[in-house]
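What follows is a single structure, written as structure tokens, with notes after it.
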Amino acid sequence: MERKKKQEHLKNLIFAALLGAMVYVFTAFVHIPTHQGYMHIGDGIIYIAASLLPLPYAMAAAAVGAGLSDYLSGYALWVLPTMIIKAVTVLAFSYKKETIINARNITGLAPAAVICVGGYYLASALLYGDWGAALADIPTNFLQSVGSSVLFVFLGLALDRIDFKKKFLAFSSNASDHRKTA
């Protein structure tokens, strides 16, 4: 039993690292510069991670991938707020359903947008000390959430079509069964 837990933990760590790297790539390299930073679709990968991984692993993938993107893109001031906002965003989704695209996760897109837009408004106002000026970023952050939602739905549907989640969740049990018979 202990071995199976370790295998499950390792599988989740590997997928969290992979998804965190994808969050970084889709944030740092697939973006549009704006007046105060950039608009990206990396959150779509965060939503995928939240739909596939248990909570702590999804939160780590989101926080590390997005935080690393800010840091390596020259926005070090934003690393801590980004890591907090993206980790909290994961709470809007569930990995416990059979498919990635389901009613719970589609409904989760709205609170995810509120967390992102509200979180960055609050962070901007606190970092720059101007609550009025922070309002200027709301449309950009909202469009970022919309773009990320579109990526999530299309990628989630494609992954559901190939039954990725069932194969993903069965990975460790198949591996341990194979070892017992070998």
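Order determines the names: the first chain of the structure tokens is A, the second B, and so forth; residues in each chain are numbered 1 upward, and ligands are numbered 1 upward as they are shown.
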Item checked: strand (DSSP E) call set, DSSP backbone run, region 13-117 of chain A, as a PyMOL selection string -> chain A and resi 31-33+38-40
May I have the residues from that selection written out with C-alpha atoms, as a CSV table (one decimal), in the first residue's frame?
```
chain,number,residue,atom,x,y,z
A,31,HIS,CA,1.2,36.7,-24.8
A,32,ILE,CA,0.4,40.3,-25.9
A,33,PRO,CA,2.3,43.1,-24.2
A,38,TYR,CA,1.2,41.3,-20.7
A,39,MET,CA,-2.0,39.5,-21.5
A,40,HIS,CA,-1.7,35.7,-21.9
```
Next item on the list: Enumerate, as a PyMOL selection string, the complete set of residues in chain A that a backbone-based DSSP assignment places in helix (DSSP H, G or I).
Entry: chain A and resi 2-28+42-52+55-72+76-92+103-107+109-128+133-161+164-181
Next item on the list: Find the residues near region 155-167 of chain A: any atom within 8 Å, counting only C-alpha atoms, skip ones fewer than 3 places away on the same chain, and give them as a ChimeraX atom specification.
Entry: /A:48,52,98-101,151-152,170-171
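Proximity ranking of A:Pro56, A:Pro111, A:Gly65, A:Gly119 relative to Leu18 (chain A) places A:Gly65 first, based on only C-alpha atoms.
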Would you tabulate, counting only C-alpha atoms, all residues of region 17-126 of chain A that have an atom at most 10 Å from an atom of region 136-148 of chain A, showing the closest pair of atoms and their distance in Å to one decimal, sorted by chain then ascending number, as CSV?
```
residue,atom,partner,partner_atom,distance
A:Phe26,CA,A:Ser148,CA,9.8
A:His31,CA,A:Gln144,CA,9.4
A:Ile32,CA,A:Gln144,CA,9.7
A:Thr34,CA,A:Thr140,CA,8.0
A:His35,CA,A:Asp137,CA,8.8
A:Gln36,CA,A:Asp137,CA,8.0
A:Gly37,CA,A:Asp137,CA,9.6
A:Tyr38,CA,A:Thr140,CA,8.7
A:Met39,CA,A:Gln144,CA,5.6
A:His40,CA,A:Gln144,CA,5.9
A:Ile41,CA,A:Ser148,CA,4.4
A:Gly42,CA,A:Ser148,CA,6.5
A:Asp43,CA,A:Ser148,CA,5.3
A:Gly44,CA,A:Ser148,CA,4.1
A:Ile45,CA,A:Ser148,CA,7.8
A:Ile46,CA,A:Ser148,CA,8.9
A:Tyr47,CA,A:Ser148,CA,8.3
A:Leu109,CA,A:Ser145,CA,8.2
A:Ala110,CA,A:Ser145,CA,8.9
A:Ala112,CA,A:Ser145,CA,7.7
A:Ala113,CA,A:Ser145,CA,5.4
A:Val114,CA,A:Phe142,CA,8.4
A:Ile115,CA,A:Ser145,CA,9.8
A:Cys116,CA,A:Asn141,CA,7.0
A:Val117,CA,A:Asn141,CA,5.4
A:Gly118,CA,A:Ile138,CA,8.1
A:Gly119,CA,A:Asn141,CA,9.9
A:Tyr120,CA,A:Asn141,CA,7.8
A:Tyr121,CA,A:Ile138,CA,6.8
A:Ser124,CA,A:Asp137,CA,8.5
```
Margin query: Using only C-alpha atoms for the distances, tell me which of A:Ala92, A:Leu122, A:Ala28, A:Ala50 is nearest to Tyr75 (chain A).
Written below: A:Ala28
